[in-house]
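Here is the file upload.txt (compact mmCIF, N, CA and C atoms).
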# COMPACT_ATOMS: atom_id res chain seq x y z
N ARG A 146 -12.56 5.50 2.77
CA ARG A 146 -13.24 5.09 3.97
C ARG A 146 -13.67 3.64 3.86
N MET A 147 -13.44 2.90 4.91
CA MET A 147 -13.70 1.46 4.86
C MET A 147 -15.18 1.12 4.75
N ASP A 148 -16.08 2.01 5.19
CA ASP A 148 -17.51 1.70 5.06
C ASP A 148 -17.96 1.75 3.60
N ARG A 149 -17.10 2.23 2.73
CA ARG A 149 -17.40 2.26 1.29
C ARG A 149 -16.89 1.00 0.58
N TRP A 150 -16.25 0.12 1.32
CA TRP A 150 -15.73 -1.12 0.74
C TRP A 150 -16.86 -2.15 0.65
N THR A 151 -17.83 -1.87 -0.19
CA THR A 151 -18.94 -2.80 -0.40
C THR A 151 -18.56 -3.76 -1.52
N PRO A 152 -19.28 -4.86 -1.68
CA PRO A 152 -18.93 -5.83 -2.71
C PRO A 152 -18.82 -5.23 -4.12
N ALA A 153 -19.71 -4.31 -4.47
CA ALA A 153 -19.73 -3.77 -5.84
C ALA A 153 -18.75 -2.62 -6.06
N ALA A 154 -18.27 -2.00 -5.00
CA ALA A 154 -17.42 -0.81 -5.12
C ALA A 154 -16.02 -1.16 -5.62
N ILE A 155 -15.39 -0.19 -6.27
CA ILE A 155 -13.96 -0.28 -6.57
C ILE A 155 -13.25 0.16 -5.29
N LYS A 156 -12.36 -0.70 -4.79
CA LYS A 156 -11.74 -0.49 -3.49
C LYS A 156 -10.24 -0.21 -3.65
N PRO A 157 -9.82 1.07 -3.53
CA PRO A 157 -8.41 1.40 -3.76
C PRO A 157 -7.51 1.08 -2.57
N ILE A 158 -6.32 0.59 -2.88
CA ILE A 158 -5.28 0.39 -1.86
C ILE A 158 -4.04 1.12 -2.36
N SER A 159 -3.64 2.16 -1.63
CA SER A 159 -2.45 2.91 -2.00
C SER A 159 -1.29 2.44 -1.15
N LEU A 160 -0.14 2.30 -1.78
CA LEU A 160 1.04 1.89 -1.03
C LEU A 160 2.24 2.70 -1.46
N SER A 161 3.19 2.79 -0.57
CA SER A 161 4.45 3.46 -0.84
C SER A 161 5.53 2.66 -0.14
N MET A 162 6.67 2.55 -0.78
CA MET A 162 7.76 1.79 -0.16
C MET A 162 9.10 2.42 -0.47
N VAL A 163 10.03 2.19 0.43
CA VAL A 163 11.41 2.58 0.26
C VAL A 163 12.26 1.47 0.88
N THR A 164 13.43 1.23 0.34
CA THR A 164 14.30 0.19 0.88
C THR A 164 15.58 0.83 1.43
N THR A 165 16.25 0.07 2.28
CA THR A 165 17.56 0.48 2.79
C THR A 165 18.49 -0.72 2.72
N ILE A 166 19.76 -0.46 2.65
CA ILE A 166 20.78 -1.51 2.69
C ILE A 166 21.70 -1.22 3.86
N THR A 167 21.96 -2.24 4.66
CA THR A 167 22.87 -2.11 5.79
C THR A 167 23.96 -3.17 5.66
N PRO A 168 25.23 -2.83 5.64
CA PRO A 168 25.73 -1.46 5.64
C PRO A 168 25.50 -0.80 4.27
N ASN A 169 25.32 0.50 4.28
CA ASN A 169 25.07 1.25 3.05
C ASN A 169 26.41 1.50 2.38
N ASP A 170 26.77 0.61 1.41
CA ASP A 170 28.06 0.73 0.75
C ASP A 170 27.93 1.10 -0.73
N GLY A 171 26.77 1.65 -1.11
CA GLY A 171 26.63 2.16 -2.47
C GLY A 171 25.83 1.30 -3.42
N GLN A 172 25.42 0.09 -3.00
CA GLN A 172 24.60 -0.74 -3.87
C GLN A 172 23.22 -0.11 -4.03
N LYS A 173 22.58 -0.41 -5.14
CA LYS A 173 21.23 0.10 -5.38
C LYS A 173 20.22 -1.05 -5.38
N VAL A 174 18.96 -0.71 -5.09
CA VAL A 174 17.86 -1.67 -5.08
C VAL A 174 16.80 -1.19 -6.07
N TYR A 175 16.36 -2.10 -6.93
CA TYR A 175 15.37 -1.77 -7.95
C TYR A 175 14.16 -2.67 -7.80
N LEU A 176 12.98 -2.11 -7.99
CA LEU A 176 11.75 -2.89 -8.01
C LEU A 176 11.44 -3.22 -9.46
N GLN A 177 11.44 -4.53 -9.77
CA GLN A 177 11.11 -4.98 -11.12
C GLN A 177 9.61 -5.07 -11.34
N ARG A 178 8.92 -5.58 -10.31
CA ARG A 178 7.49 -5.84 -10.47
C ARG A 178 6.80 -5.84 -9.12
N ALA A 179 5.58 -5.28 -9.09
CA ALA A 179 4.71 -5.36 -7.93
C ALA A 179 3.40 -5.98 -8.41
N THR A 180 2.93 -7.00 -7.68
CA THR A 180 1.71 -7.72 -8.07
C THR A 180 0.75 -7.73 -6.89
N MET A 181 -0.54 -7.46 -7.18
CA MET A 181 -1.57 -7.56 -6.16
C MET A 181 -2.61 -8.58 -6.62
N THR A 182 -2.93 -9.52 -5.74
CA THR A 182 -3.99 -10.49 -5.99
C THR A 182 -4.98 -10.40 -4.83
N ALA A 183 -6.26 -10.27 -5.16
CA ALA A 183 -7.31 -10.16 -4.15
C ALA A 183 -8.15 -11.43 -4.17
N ILE A 184 -8.39 -11.99 -2.98
CA ILE A 184 -9.14 -13.24 -2.84
C ILE A 184 -10.31 -13.00 -1.90
N PRO A 185 -11.54 -12.89 -2.45
CA PRO A 185 -12.70 -12.67 -1.59
C PRO A 185 -13.12 -13.96 -0.90
N ALA A 186 -13.76 -13.80 0.27
CA ALA A 186 -14.20 -14.97 1.04
C ALA A 186 -15.25 -14.56 2.06
N ASN A 187 -15.82 -15.57 2.70
CA ASN A 187 -16.65 -15.37 3.89
C ASN A 187 -16.31 -16.49 4.86
N ALA A 188 -17.03 -16.62 5.94
CA ALA A 188 -16.68 -17.58 6.98
C ALA A 188 -16.69 -19.02 6.49
N SER A 189 -17.46 -19.32 5.44
CA SER A 189 -17.60 -20.71 5.01
C SER A 189 -17.08 -20.98 3.60
N GLN A 190 -16.64 -19.95 2.87
CA GLN A 190 -16.31 -20.16 1.47
C GLN A 190 -15.24 -19.17 1.01
N THR A 191 -14.31 -19.67 0.19
CA THR A 191 -13.35 -18.80 -0.47
C THR A 191 -13.71 -18.77 -1.95
N PHE A 192 -13.82 -17.58 -2.50
CA PHE A 192 -14.20 -17.41 -3.90
C PHE A 192 -12.96 -17.37 -4.78
N ALA A 193 -13.16 -17.43 -6.08
CA ALA A 193 -12.05 -17.36 -7.03
C ALA A 193 -11.33 -16.02 -6.88
N PRO A 194 -10.01 -16.04 -6.98
CA PRO A 194 -9.26 -14.77 -6.90
C PRO A 194 -9.64 -13.85 -8.06
N LEU A 195 -9.58 -12.56 -7.81
CA LEU A 195 -9.74 -11.60 -8.89
C LEU A 195 -8.48 -11.63 -9.75
N ASP A 196 -8.56 -11.14 -10.96
CA ASP A 196 -7.38 -11.09 -11.82
C ASP A 196 -6.28 -10.29 -11.12
N ALA A 197 -5.08 -10.82 -11.18
CA ALA A 197 -3.95 -10.14 -10.55
C ALA A 197 -3.69 -8.82 -11.27
N GLN A 198 -3.29 -7.82 -10.51
CA GLN A 198 -2.88 -6.54 -11.08
C GLN A 198 -1.37 -6.47 -10.95
N VAL A 199 -0.70 -6.13 -12.05
CA VAL A 199 0.76 -6.14 -12.09
C VAL A 199 1.27 -4.79 -12.54
N ASP A 200 2.22 -4.25 -11.80
CA ASP A 200 2.96 -3.08 -12.23
C ASP A 200 4.36 -3.56 -12.57
N GLN A 201 4.62 -3.72 -13.85
CA GLN A 201 5.92 -4.18 -14.35
C GLN A 201 6.74 -2.94 -14.69
N ALA A 202 7.97 -2.88 -14.19
CA ALA A 202 8.83 -1.72 -14.46
C ALA A 202 8.98 -1.53 -15.97
N THR A 203 8.95 -0.28 -16.39
CA THR A 203 9.10 0.05 -17.81
C THR A 203 10.51 0.54 -18.12
N VAL A 204 11.38 0.52 -17.12
CA VAL A 204 12.78 0.88 -17.30
C VAL A 204 13.63 -0.27 -16.77
N SER A 205 14.84 -0.37 -17.31
CA SER A 205 15.73 -1.46 -16.89
C SER A 205 16.81 -0.88 -15.99
N PRO A 206 17.15 -1.51 -14.86
CA PRO A 206 16.71 -2.82 -14.39
C PRO A 206 15.44 -2.79 -13.55
N GLY A 207 14.81 -1.63 -13.37
CA GLY A 207 13.59 -1.51 -12.57
C GLY A 207 13.51 -0.11 -12.00
N TYR A 208 12.55 0.10 -11.11
CA TYR A 208 12.39 1.39 -10.44
C TYR A 208 13.33 1.45 -9.24
N LEU A 209 14.11 2.51 -9.14
CA LEU A 209 14.99 2.69 -7.99
C LEU A 209 14.15 2.93 -6.74
N VAL A 210 14.33 2.09 -5.73
CA VAL A 210 13.54 2.21 -4.50
C VAL A 210 14.43 2.30 -3.26
N LEU A 211 15.68 2.68 -3.46
CA LEU A 211 16.61 2.83 -2.34
C LEU A 211 16.46 4.24 -1.77
N SER A 212 16.32 4.33 -0.46
CA SER A 212 16.15 5.61 0.21
C SER A 212 17.18 6.61 -0.31
N PRO A 213 16.79 7.81 -0.67
CA PRO A 213 15.52 8.49 -0.41
C PRO A 213 14.47 8.31 -1.51
N TYR A 214 14.73 7.46 -2.49
CA TYR A 214 13.78 7.28 -3.60
C TYR A 214 12.75 6.22 -3.22
N SER A 215 11.51 6.49 -3.56
CA SER A 215 10.44 5.59 -3.16
C SER A 215 9.60 5.19 -4.36
N TYR A 216 8.80 4.16 -4.15
CA TYR A 216 7.82 3.68 -5.12
C TYR A 216 6.45 3.88 -4.50
N SER A 217 5.51 4.37 -5.27
CA SER A 217 4.14 4.45 -4.79
C SER A 217 3.20 4.11 -5.94
N ASN A 218 2.06 3.55 -5.58
CA ASN A 218 1.07 3.14 -6.57
C ASN A 218 -0.25 2.91 -5.86
N THR A 219 -1.32 2.94 -6.62
CA THR A 219 -2.63 2.58 -6.11
C THR A 219 -3.15 1.41 -6.93
N PHE A 220 -3.46 0.32 -6.24
CA PHE A 220 -4.08 -0.84 -6.86
C PHE A 220 -5.56 -0.81 -6.48
N ASN A 221 -6.41 -1.34 -7.34
CA ASN A 221 -7.85 -1.33 -7.07
C ASN A 221 -8.39 -2.74 -6.97
N VAL A 222 -9.07 -3.03 -5.86
CA VAL A 222 -9.78 -4.29 -5.71
C VAL A 222 -11.15 -4.08 -6.34
N GLY A 223 -11.47 -4.88 -7.33
CA GLY A 223 -12.73 -4.72 -8.05
C GLY A 223 -13.90 -5.37 -7.34
N THR A 224 -14.95 -5.58 -8.09
CA THR A 224 -16.18 -6.17 -7.57
C THR A 224 -15.91 -7.58 -7.06
N VAL A 225 -16.46 -7.86 -5.89
CA VAL A 225 -16.36 -9.20 -5.30
C VAL A 225 -17.77 -9.76 -5.15
N PRO A 226 -17.92 -11.08 -4.99
CA PRO A 226 -19.26 -11.65 -4.82
C PRO A 226 -20.01 -10.99 -3.66
N ALA A 227 -21.30 -10.84 -3.81
CA ALA A 227 -22.12 -10.18 -2.78
C ALA A 227 -22.03 -10.90 -1.44
N GLU A 228 -21.75 -12.21 -1.46
CA GLU A 228 -21.67 -12.99 -0.22
C GLU A 228 -20.34 -12.81 0.51
N ALA A 229 -19.36 -12.15 -0.12
CA ALA A 229 -18.05 -11.97 0.50
C ALA A 229 -18.15 -11.02 1.69
N THR A 230 -17.52 -11.40 2.79
CA THR A 230 -17.49 -10.55 3.97
C THR A 230 -16.09 -9.99 4.24
N TYR A 231 -15.09 -10.53 3.53
CA TYR A 231 -13.74 -9.99 3.62
C TYR A 231 -12.97 -10.34 2.36
N VAL A 232 -11.86 -9.67 2.18
CA VAL A 232 -10.99 -9.96 1.05
C VAL A 232 -9.56 -10.02 1.59
N THR A 233 -8.84 -11.04 1.15
CA THR A 233 -7.42 -11.16 1.47
C THR A 233 -6.65 -10.63 0.27
N VAL A 234 -5.80 -9.65 0.52
CA VAL A 234 -5.04 -9.00 -0.54
C VAL A 234 -3.58 -9.41 -0.38
N GLN A 235 -3.05 -10.02 -1.40
CA GLN A 235 -1.66 -10.48 -1.37
C GLN A 235 -0.83 -9.62 -2.32
N PHE A 236 0.25 -9.06 -1.79
CA PHE A 236 1.19 -8.29 -2.60
C PHE A 236 2.48 -9.07 -2.71
N GLU A 237 3.08 -9.04 -3.88
CA GLU A 237 4.40 -9.63 -4.08
C GLU A 237 5.26 -8.62 -4.81
N TYR A 238 6.49 -8.46 -4.32
CA TYR A 238 7.42 -7.48 -4.87
C TYR A 238 8.69 -8.20 -5.30
N ASP A 239 9.11 -7.98 -6.55
CA ASP A 239 10.35 -8.56 -7.06
C ASP A 239 11.39 -7.45 -7.16
N PHE A 240 12.47 -7.61 -6.38
CA PHE A 240 13.54 -6.62 -6.34
C PHE A 240 14.81 -7.18 -6.99
N LEU A 241 15.59 -6.28 -7.54
CA LEU A 241 16.95 -6.60 -7.96
C LEU A 241 17.89 -5.78 -7.09
N VAL A 242 18.86 -6.46 -6.48
CA VAL A 242 19.84 -5.81 -5.61
C VAL A 242 21.20 -5.91 -6.29
N GLN A 243 21.82 -4.78 -6.50
CA GLN A 243 23.13 -4.75 -7.12
C GLN A 243 24.13 -5.52 -6.25
N THR A 244 24.94 -6.40 -6.86
CA THR A 244 25.85 -7.23 -6.06
C THR A 244 27.01 -6.43 -5.47
N THR A 245 27.47 -5.41 -6.19
CA THR A 245 28.45 -4.46 -5.68
C THR A 245 28.06 -3.09 -6.21
N PRO A 246 28.59 -2.01 -5.65
CA PRO A 246 28.16 -0.67 -6.08
C PRO A 246 28.38 -0.37 -7.56
N THR A 247 29.32 -1.02 -8.20
CA THR A 247 29.60 -0.73 -9.61
C THR A 247 29.23 -1.89 -10.53
N SER A 248 28.63 -2.93 -9.99
CA SER A 248 28.35 -4.14 -10.74
C SER A 248 27.12 -3.99 -11.65
N THR A 249 27.14 -4.73 -12.75
CA THR A 249 25.95 -4.86 -13.59
C THR A 249 25.28 -6.21 -13.32
N GLU A 250 25.72 -6.89 -12.25
CA GLU A 250 25.09 -8.15 -11.84
C GLU A 250 24.17 -7.86 -10.65
N PHE A 251 23.07 -8.61 -10.61
CA PHE A 251 22.05 -8.36 -9.60
C PHE A 251 21.61 -9.67 -8.95
N ALA A 252 21.21 -9.57 -7.69
CA ALA A 252 20.58 -10.69 -7.00
C ALA A 252 19.10 -10.37 -6.91
N LYS A 253 18.26 -11.38 -7.16
CA LYS A 253 16.81 -11.18 -7.07
C LYS A 253 16.34 -11.51 -5.67
N GLN A 254 15.49 -10.64 -5.12
CA GLN A 254 14.87 -10.84 -3.82
C GLN A 254 13.37 -10.66 -4.01
N THR A 255 12.59 -11.49 -3.37
CA THR A 255 11.13 -11.37 -3.43
C THR A 255 10.61 -11.14 -2.02
N ALA A 256 9.71 -10.19 -1.90
CA ALA A 256 9.07 -9.90 -0.61
C ALA A 256 7.57 -9.95 -0.82
N SER A 257 6.84 -10.20 0.27
CA SER A 257 5.38 -10.25 0.14
C SER A 257 4.72 -9.65 1.38
N ASP A 258 3.49 -9.20 1.18
CA ASP A 258 2.65 -8.67 2.25
C ASP A 258 1.26 -9.25 2.05
N THR A 259 0.55 -9.47 3.13
CA THR A 259 -0.84 -9.93 3.05
C THR A 259 -1.69 -9.09 3.99
N LEU A 260 -2.81 -8.61 3.47
CA LEU A 260 -3.77 -7.85 4.26
C LEU A 260 -5.12 -8.56 4.19
N THR A 261 -5.85 -8.58 5.29
CA THR A 261 -7.21 -9.09 5.29
C THR A 261 -8.11 -7.91 5.67
N ILE A 262 -9.05 -7.59 4.78
CA ILE A 262 -9.85 -6.39 4.93
C ILE A 262 -11.33 -6.76 4.87
N ALA A 263 -12.10 -6.25 5.82
CA ALA A 263 -13.54 -6.52 5.86
C ALA A 263 -14.25 -5.85 4.70
N ILE A 264 -15.29 -6.50 4.22
CA ILE A 264 -16.17 -5.94 3.21
C ILE A 264 -17.44 -5.48 3.92
N ALA A 265 -17.84 -4.23 3.69
CA ALA A 265 -19.02 -3.66 4.33
C ALA A 265 -20.28 -4.24 3.70
N ALA A 266 -21.31 -4.41 4.50
CA ALA A 266 -22.59 -4.89 3.98
C ALA A 266 -23.18 -3.83 3.05
N GLN A 267 -23.87 -4.28 2.02
CA GLN A 267 -24.56 -3.37 1.11
C GLN A 267 -25.65 -2.64 1.88
N ASN A 268 -25.92 -1.40 1.52
CA ASN A 268 -27.04 -0.67 2.16
C ASN A 268 -28.32 -1.44 1.93
N GLY A 269 -29.07 -1.65 2.98
CA GLY A 269 -30.31 -2.39 2.88
C GLY A 269 -30.09 -3.88 2.84
N GLY A 270 -28.82 -4.34 3.00
CA GLY A 270 -28.54 -5.75 2.89
C GLY A 270 -28.13 -6.28 4.14
Give the structure from the file, written as C-alpha cells.
Amino acid sequence: RMDRWTPAAIKPISLSMVTTITPNDGQKVYLQRATMTAIPANASQTFAPLDAQVDQATVSPGYLVLSPYSYSNTFNVGTVPAEATYVTVQFEYDFLVQTTPTSTEFAKQTASDTLTIAIAAQNGG
C-alpha cells in the first residue's frame, strides 16, 4: 500500500517481464542483469541516490525471458531522507539476443524504465 511508503519504511517494488521477438524465428532473449537505482527528492532538492541494487544472472548467457518464460523479482527502496516527498526509481535491463536461432553469438540490448513515486508523510509529521 502506497500510504506505507514513508521515508523510514522499506518500500518493495515487484516486477515481472517477458519479451517477444517479431518475427518469431527461434532466437532466444536472455536477461543478463537488472539494476534498480532510487533517487529521493523534494520540490527543491535532489538527495544522493541510494545504493544500486543489482540482480546479475547466475547462469550463462543469462535468464531466459522469451515468452512464455518470464523474469520476476522484488527490489526494495530503503530509507530515504525525512525531507523527501518522492523517489525516482530507475531500472536498467541488459539483454542478450541470439543473432540466429542456432548461434552462440549475441547482440546486447539495454532497456530502461523510470517511475516517480510519492513518499507518504510520517504519522504526526
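CA of Ala265 in chain A is positioned 5.9 Å from atom C of Thr151 in chain A.
Here CA of Ala229 in chain A stands at a distance of 28.1 Å from atom N of Gln201 in chain A.
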Query raised in the report: Could you name the residues that touch Thr261 in chain A at 12 Å or less, counting only C-alpha atoms, but leaving out those on the same chain fewer than 4 positions away, as a PyMOL selection string?
Result: chain A and resi 182-187+230-236
Requested in this report: Please tell me which residues are no farther than 12 Å from (8.4, 1.2, -14.4) in the file, counting only C-alpha atoms, and write them as a ChimeraX atom specification.
Outcome: /A:175-179,199-210,216-218
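Considering the residues A:Ala153, A:Ala263, A:Ala197, A:Met162 and counting only N, CA and C atoms, Pro226 in chain A has its shortest atom-to-atom contact with A:Ala153.
What separates atom N of Leu241 in chain A from atom C of Gly223 in chain A is a distance of 29.5 Å.
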**Report entry** Sel. of strand (DSSP E) residues, range 162-263 of chain A, as a PyMOL selection string
**Finding:** chain A and resi 162+174-186+198-201+208-209+216-222+231-243+251-263
Got a sec to write range 253-265 of chain A of the block to a file, all heavy atoms, as a PDB file, in the first residue's frame?
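decode37.pdb, written as the output of this step:
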ATOM      1  N   LYS A 253      23.821  -7.272 -27.703  1.00  0.00           N
ATOM      2  CA  LYS A 253      23.392  -6.715 -26.420  1.00  0.00           C
ATOM      3  C   LYS A 253      22.391  -5.601 -26.667  1.00  0.00           C
ATOM      4  O   LYS A 253      22.590  -4.745 -27.527  1.00  0.00           O
ATOM      5  CB  LYS A 253      24.580  -6.175 -25.629  1.00  0.00           C
ATOM      6  CG  LYS A 253      24.166  -5.598 -24.283  1.00  0.00           C
ATOM      7  CD  LYS A 253      25.359  -5.065 -23.515  1.00  0.00           C
ATOM      8  CE  LYS A 253      24.878  -4.411 -22.229  1.00  0.00           C
ATOM      9  NZ  LYS A 253      25.955  -3.813 -21.478  1.00  0.00           N
ATOM     10  N   GLN A 254      21.304  -5.613 -25.896  1.00  0.00           N
ATOM     11  CA  GLN A 254      20.293  -4.570 -25.931  1.00  0.00           C
ATOM     12  C   GLN A 254      20.077  -4.101 -24.498  1.00  0.00           C
ATOM     13  O   GLN A 254      20.053  -4.919 -23.574  1.00  0.00           O
ATOM     14  CB  GLN A 254      18.965  -5.107 -26.478  1.00  0.00           C
ATOM     15  CG  GLN A 254      19.054  -5.633 -27.895  1.00  0.00           C
ATOM     16  CD  GLN A 254      19.140  -4.524 -28.914  1.00  0.00           C
ATOM     17  OE1 GLN A 254      18.487  -3.501 -28.774  1.00  0.00           O
ATOM     18  NE2 GLN A 254      19.936  -4.723 -29.941  1.00  0.00           N
ATOM     19  N   THR A 255      19.933  -2.812 -24.311  1.00  0.00           N
ATOM     20  CA  THR A 255      19.659  -2.263 -22.988  1.00  0.00           C
ATOM     21  C   THR A 255      18.327  -1.536 -23.032  1.00  0.00           C
ATOM     22  O   THR A 255      18.052  -0.791 -23.970  1.00  0.00           O
ATOM     23  CB  THR A 255      20.783  -1.304 -22.543  1.00  0.00           C
ATOM     24  OG1 THR A 255      22.004  -2.033 -22.506  1.00  0.00           O
ATOM     25  CG2 THR A 255      20.509  -0.732 -21.170  1.00  0.00           C
ATOM     26  N   ALA A 256      17.511  -1.784 -22.024  1.00  0.00           N
ATOM     27  CA  ALA A 256      16.220  -1.108 -21.899  1.00  0.00           C
ATOM     28  C   ALA A 256      16.159  -0.472 -20.520  1.00  0.00           C
ATOM     29  O   ALA A 256      16.861  -0.891 -19.598  1.00  0.00           O
ATOM     30  CB  ALA A 256      15.077  -2.102 -22.078  1.00  0.00           C
ATOM     31  N   SER A 257      15.321   0.554 -20.390  1.00  0.00           N
ATOM     32  CA  SER A 257      15.205   1.206 -19.087  1.00  0.00           C
ATOM     33  C   SER A 257      13.761   1.635 -18.835  1.00  0.00           C
ATOM     34  O   SER A 257      12.974   1.809 -19.769  1.00  0.00           O
ATOM     35  CB  SER A 257      16.131   2.417 -19.002  1.00  0.00           C
ATOM     36  OG  SER A 257      15.797   3.369 -19.983  1.00  0.00           O
ATOM     37  N   ASP A 258      13.443   1.770 -17.559  1.00  0.00           N
ATOM     38  CA  ASP A 258      12.146   2.261 -17.101  1.00  0.00           C
ATOM     39  C   ASP A 258      12.408   3.243 -15.978  1.00  0.00           C
ATOM     40  O   ASP A 258      13.357   3.069 -15.204  1.00  0.00           O
ATOM     41  CB  ASP A 258      11.269   1.137 -16.536  1.00  0.00           C
ATOM     42  CG  ASP A 258      10.699   0.231 -17.598  1.00  0.00           C
ATOM     43  OD1 ASP A 258      10.263   0.753 -18.640  1.00  0.00           O
ATOM     44  OD2 ASP A 258      10.678  -0.994 -17.382  1.00  0.00           O
ATOM     45  N   THR A 259      11.565   4.237 -15.851  1.00  0.00           N
ATOM     46  CA  THR A 259      11.664   5.196 -14.747  1.00  0.00           C
ATOM     47  C   THR A 259      10.280   5.388 -14.140  1.00  0.00           C
ATOM     48  O   THR A 259       9.303   5.580 -14.864  1.00  0.00           O
ATOM     49  CB  THR A 259      12.205   6.554 -15.239  1.00  0.00           C
ATOM     50  OG1 THR A 259      13.488   6.353 -15.822  1.00  0.00           O
ATOM     51  CG2 THR A 259      12.340   7.536 -14.085  1.00  0.00           C
ATOM     52  N   LEU A 260      10.223   5.300 -12.824  1.00  0.00           N
ATOM     53  CA  LEU A 260       8.988   5.534 -12.081  1.00  0.00           C
ATOM     54  C   LEU A 260       9.233   6.661 -11.085  1.00  0.00           C
ATOM     55  O   LEU A 260      10.299   6.728 -10.478  1.00  0.00           O
ATOM     56  CB  LEU A 260       8.581   4.294 -11.277  1.00  0.00           C
ATOM     57  CG  LEU A 260       8.363   2.991 -12.027  1.00  0.00           C
ATOM     58  CD1 LEU A 260       8.224   1.845 -11.039  1.00  0.00           C
ATOM     59  CD2 LEU A 260       7.118   3.104 -12.880  1.00  0.00           C
ATOM     60  N   THR A 261       8.254   7.523 -10.896  1.00  0.00           N
ATOM     61  CA  THR A 261       8.315   8.540  -9.854  1.00  0.00           C
ATOM     62  C   THR A 261       7.181   8.239  -8.888  1.00  0.00           C
ATOM     63  O   THR A 261       6.017   8.190  -9.296  1.00  0.00           O
ATOM     64  CB  THR A 261       8.196   9.952 -10.434  1.00  0.00           C
ATOM     65  OG1 THR A 261       9.271  10.151 -11.356  1.00  0.00           O
ATOM     66  CG2 THR A 261       8.283  10.999  -9.327  1.00  0.00           C
ATOM     67  N   ILE A 262       7.536   8.023  -7.623  1.00  0.00           N
ATOM     68  CA  ILE A 262       6.575   7.553  -6.636  1.00  0.00           C
ATOM     69  C   ILE A 262       6.587   8.495  -5.433  1.00  0.00           C
ATOM     70  O   ILE A 262       7.651   8.835  -4.907  1.00  0.00           O
ATOM     71  CB  ILE A 262       6.920   6.126  -6.178  1.00  0.00           C
ATOM     72  CG1 ILE A 262       7.003   5.196  -7.406  1.00  0.00           C
ATOM     73  CG2 ILE A 262       5.901   5.613  -5.172  1.00  0.00           C
ATOM     74  CD1 ILE A 262       7.657   3.876  -7.145  1.00  0.00           C
ATOM     75  N   ALA A 263       5.402   8.903  -4.999  1.00  0.00           N
ATOM     76  CA  ALA A 263       5.289   9.795  -3.839  1.00  0.00           C
ATOM     77  C   ALA A 263       5.692   9.074  -2.564  1.00  0.00           C
ATOM     78  O   ALA A 263       5.480   7.876  -2.410  1.00  0.00           O
ATOM     79  CB  ALA A 263       3.855  10.293  -3.710  1.00  0.00           C
ATOM     80  N   ILE A 264       6.278   9.831  -1.649  1.00  0.00           N
ATOM     81  CA  ILE A 264       6.597   9.339  -0.317  1.00  0.00           C
ATOM     82  C   ILE A 264       5.548   9.909   0.636  1.00  0.00           C
ATOM     83  O   ILE A 264       5.301  11.120   0.659  1.00  0.00           O
ATOM     84  CB  ILE A 264       8.011   9.786   0.130  1.00  0.00           C
ATOM     85  CG1 ILE A 264       9.081   9.228  -0.820  1.00  0.00           C
ATOM     86  CG2 ILE A 264       8.282   9.393   1.578  1.00  0.00           C
ATOM     87  CD1 ILE A 264       9.226   7.725  -0.785  1.00  0.00           C
ATOM     88  N   ALA A 265       4.932   9.040   1.434  1.00  0.00           N
ATOM     89  CA  ALA A 265       3.887   9.460   2.369  1.00  0.00           C
ATOM     90  C   ALA A 265       4.521  10.180   3.550  1.00  0.00           C
ATOM     91  O   ALA A 265       5.637   9.862   3.971  1.00  0.00           O
ATOM     92  CB  ALA A 265       3.090   8.250   2.851  1.00  0.00           C
TER      93      ALA A 265
END
